[in-house]
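The structure under discussion appears below in the form of structure tokens.
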Amino acid sequence: MNWKAVAAAAAMAGIAFGSVTAADGTHDSRIALMKKIGGSAGALAAIAKGEKPYDAETVKTALTTIAATAKVFPDQFKPGTETGDQEASPKIWENMDDFKARAAKLSADAETALAQLPADPAAVGATLNTLGANCGGCHKAYRIKKD
């Protein structure tokens, strides 16, 4: 498994759990949602790497958070919010259907994993590879890296 890629994706998304206080399409609200996904990916990565013991409730919570957050994430990119966020590529608004489809795929993959709950660290790792590929593909297409 490509743990470096998974760890990089989790780090890019943010490791800390975050909460959203306002869904207003600002940079801060977008980052808060990414931190929720990143925190969940981090929890899964810790299990997959053996840093934390397998815990079905932790896996369920993480997958549920990823699925729910990915569903609402595109709503943070309404028309008129294209400016002021130096990490969000203008390509998001130019290719909104693709952007939404990528978020929907991440959510669907998390829901599929939730329905067939990974039963051990290896299965959690395989699930994380799938989810991480979704995250990485979207970041590559639509995120501007800060220097």
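Labeling convention for the structure tokens: chains A, B, ... as they appear, residues from 1 per chain, ligands from 1 in order of appearance.
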
Give me the residues near Ala56 of chain A as a list in words, where near means some atom within 8 Å (using only C-alpha atoms) and where sequence neighbours in that chain fewer than 3 positions away do not count.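 That gives Val59, Lys60, Leu117 and Ala119 of chain A.
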
All heavy atoms of the current selection, written as an mmCIF file, in the first residue's frame:
data_model
loop_
_atom_site.group_PDB
_atom_site.id
_atom_site.type_symbol
_atom_site.label_atom_id
_atom_site.label_comp_id
_atom_site.auth_asym_id
_atom_site.auth_seq_id
_atom_site.Cartn_x
_atom_site.Cartn_y
_atom_site.Cartn_z
ATOM 1 N N VAL A 59 -13.899 3.401 12.863
ATOM 2 C CA VAL A 59 -13.982 3.248 11.409
ATOM 3 C C VAL A 59 -15.343 3.746 10.914
ATOM 4 O O VAL A 59 -15.417 4.510 9.942
ATOM 5 C CB VAL A 59 -13.723 1.787 10.985
ATOM 6 C CG1 VAL A 59 -13.955 1.597 9.487
ATOM 7 C CG2 VAL A 59 -12.301 1.372 11.371
ATOM 8 N N LYS A 60 -16.419 3.348 11.582
ATOM 9 C CA LYS A 60 -17.767 3.796 11.196
ATOM 10 C C LYS A 60 -17.878 5.312 11.253
ATOM 11 O O LYS A 60 -18.408 5.944 10.336
ATOM 12 C CB LYS A 60 -18.826 3.184 12.114
ATOM 13 C CG LYS A 60 -19.115 1.735 11.864
ATOM 14 C CD LYS A 60 -20.174 1.255 12.841
ATOM 15 C CE LYS A 60 -20.314 -0.241 12.806
ATOM 16 N NZ LYS A 60 -21.264 -0.735 13.826
ATOM 17 N N LEU A 117 -18.260 -2.775 6.045
ATOM 18 C CA LEU A 117 -17.294 -2.244 6.998
ATOM 19 C C LEU A 117 -15.981 -3.029 6.998
ATOM 20 O O LEU A 117 -15.962 -4.245 7.182
ATOM 21 C CB LEU A 117 -17.883 -2.261 8.407
ATOM 22 C CG LEU A 117 -17.103 -1.456 9.437
ATOM 23 C CD1 LEU A 117 -17.147 0.030 9.104
ATOM 24 C CD2 LEU A 117 -17.651 -1.707 10.817
ATOM 25 N N ALA A 119 -12.974 -4.897 8.195
ATOM 26 C CA ALA A 119 -12.972 -5.666 9.434
ATOM 27 C C ALA A 119 -11.615 -5.780 10.116
ATOM 28 O O ALA A 119 -11.515 -6.368 11.187
ATOM 29 C CB ALA A 119 -13.525 -7.070 9.162
#

**Asked** Taking the backbone alone, and naming residues the way the document does, which bits of chain A are alpha helix (DSSP H) by DSSP, as number ranges by chain?
**Response** A: 3-13, 27-48, 56-72, 91-94, 96-115, 121-142

Counting only C-alpha atoms, the residue among A:Ala43, A:Leu33, A:Ala67, A:Ala48 that lies closest to Pro118 of chain A is A:Ala48

So that I can see what lies close to Thr64 of chain A, please list as a short mmCIF file (atom, residue, chain, number, x, y, z; two decimals) with C-alpha atoms, in the first residue's frame the residues with an atom at most 8 Å from it, counting only C-alpha atoms and leaving out residues fewer than 2 positions away in the same chain.
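Output file result-v7.cif follows:
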data_model
loop_
_atom_site.label_atom_id
_atom_site.label_comp_id
_atom_site.auth_asym_id
_atom_site.auth_seq_id
_atom_site.Cartn_x
_atom_site.Cartn_y
_atom_site.Cartn_z
CA LYS A 60 -17.77 3.80 11.20
CA THR A 61 -17.49 7.34 12.51
CA ALA A 62 -14.66 8.22 10.13
CA ILE A 66 -16.21 11.49 5.08
CA ALA A 67 -19.42 10.46 3.30
CA ALA A 68 -21.51 13.27 4.80
CA ALA A 110 -17.14 6.01 1.77
CA GLU A 111 -20.76 4.82 1.94
CA LEU A 114 -19.42 1.76 5.49
#

For a test of reading the model, state the distance in Å between atom CA of Gly132 of chain A and atom CA of Ser40 of chain A, rounded to one decimal.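 Between atom CA of Gly132 of chain A and atom CA of Ser40 of chain A the gap works out to 11.4 Å.
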
*asked:* Residues near Thr130 of chain A, anyone? I mean within 9 Å using only C-alpha atoms, not counting same-chain ones fewer than 3 positions away, as number ranges by chain.
replied: A: 106, 109-110, 125-127, 133-135

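Distances from A:Thr58, A:Val72, A:Gly39, A:Tyr142 to Ser107 of chain A were compared using only C-alpha atoms, and the smallest one belongs to A:Val72.
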
Shortest contact to Phe99 of chain A, candidates A:Asp55, A:Ile144, A:Asp75, A:Leu63, atoms counted only C-alpha atoms, goes to A:Asp75

Self-check item: Distance criterion (only C-alpha atoms): nearest to Ile47 of chain A out of A:Leu131, A:Ile92, A:Lys146, A:Asp120
Solution: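 Checking each of A:Leu131, A:Ile92, A:Lys146, A:Asp120 against Ile47 of chain A, counting only C-alpha atoms, the winner is A:Asp120.
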
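For the residues A:Cys138, A:Ala103, A:Ala115, A:Ala122, ranking by smallest atom-to-atom distance to Pro53 of chain A using only C-alpha atoms places A:Ala122 first.
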
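When only C-alpha atoms are used to measure the gap to Phe73 of chain A, the shortest distance among A:Lys100, A:Lys105, A:Lys91, A:Lys140 belongs to A:Lys100.
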
Got a sec: who's within 12 Å of Thr26 of chain A, counting only C-alpha atoms, leaving out chain neighbours fewer than 5 positions off, as a CSV table (one decimal) with N, CA and C atoms, in the first residue's frame?
chain,number,residue,atom,x,y,z
A,20,VAL,N,-17.7,22.7,11.6
A,20,VAL,CA,-18.2,23.9,10.7
A,20,VAL,C,-19.2,24.7,11.5
A,21,THR,N,-18.9,25.9,11.6
A,21,THR,CA,-19.8,26.8,12.3
A,21,THR,C,-20.7,27.6,11.3
A,31,ILE,N,-12.0,25.1,4.5
A,31,ILE,CA,-10.9,24.4,5.3
A,31,ILE,C,-11.5,23.6,6.4
A,32,ALA,N,-12.5,24.1,7.1
A,32,ALA,CA,-13.1,23.4,8.2
A,32,ALA,C,-13.6,22.1,7.7
A,33,LEU,N,-14.3,22.1,6.5
A,33,LEU,CA,-14.8,20.8,6.0
A,33,LEU,C,-13.6,19.9,5.6
A,73,PHE,N,-19.6,19.4,0.6
A,73,PHE,CA,-18.5,20.2,0.3
A,73,PHE,C,-18.7,21.1,-1.0
A,75,ASP,N,-21.2,22.5,-2.1
A,75,ASP,CA,-22.0,23.7,-1.8
A,75,ASP,C,-21.3,24.9,-1.3
A,76,GLN,N,-20.0,24.7,-1.0
A,76,GLN,CA,-19.2,25.8,-0.5
A,76,GLN,C,-18.6,26.6,-1.7
A,77,PHE,N,-18.9,26.2,-2.9
A,77,PHE,CA,-18.3,26.8,-4.1
A,77,PHE,C,-19.4,27.4,-5.0
A,78,LYS,N,-20.2,28.2,-4.4
A,78,LYS,CA,-21.3,28.9,-5.1
A,78,LYS,C,-20.8,29.9,-6.0
A,79,PRO,N,-21.5,30.2,-7.1
A,79,PRO,CA,-21.1,31.3,-7.9
A,79,PRO,C,-20.9,32.6,-7.1
A,80,GLY,N,-19.9,33.3,-7.4
A,80,GLY,CA,-19.6,34.5,-6.7
A,80,GLY,C,-18.6,34.3,-5.6
A,81,THR,N,-18.2,33.1,-5.3
A,81,THR,CA,-17.2,32.8,-4.3
A,81,THR,C,-15.8,32.4,-4.9
A,82,GLU,N,-15.6,32.8,-6.2
A,82,GLU,CA,-14.4,32.4,-6.9
A,82,GLU,C,-13.2,33.2,-6.5
A,83,THR,N,-13.4,34.3,-5.9
A,83,THR,CA,-12.3,35.2,-5.5
A,83,THR,C,-12.0,35.1,-4.0
A,84,GLY,N,-10.8,35.4,-3.6
A,84,GLY,CA,-10.4,35.5,-2.2
A,84,GLY,C,-9.9,34.2,-1.6
A,85,ASP,N,-9.9,33.1,-2.4
A,85,ASP,CA,-9.4,31.8,-1.8
A,85,ASP,C,-8.2,31.4,-2.7
A,86,GLN,N,-7.0,31.6,-2.2
A,86,GLN,CA,-5.8,31.4,-3.0
A,86,GLN,C,-5.5,29.9,-3.2
A,87,GLU,N,-6.3,29.0,-2.6
A,87,GLU,CA,-6.0,27.6,-2.7
A,87,GLU,C,-7.0,26.9,-3.7
A,88,ALA,N,-8.1,27.6,-3.9
A,88,ALA,CA,-9.2,27.0,-4.8
A,88,ALA,C,-9.0,27.5,-6.2

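Here atom CA of His139 of chain A and atom CA of Ser29 of chain A stand 16.9 Å from one another.
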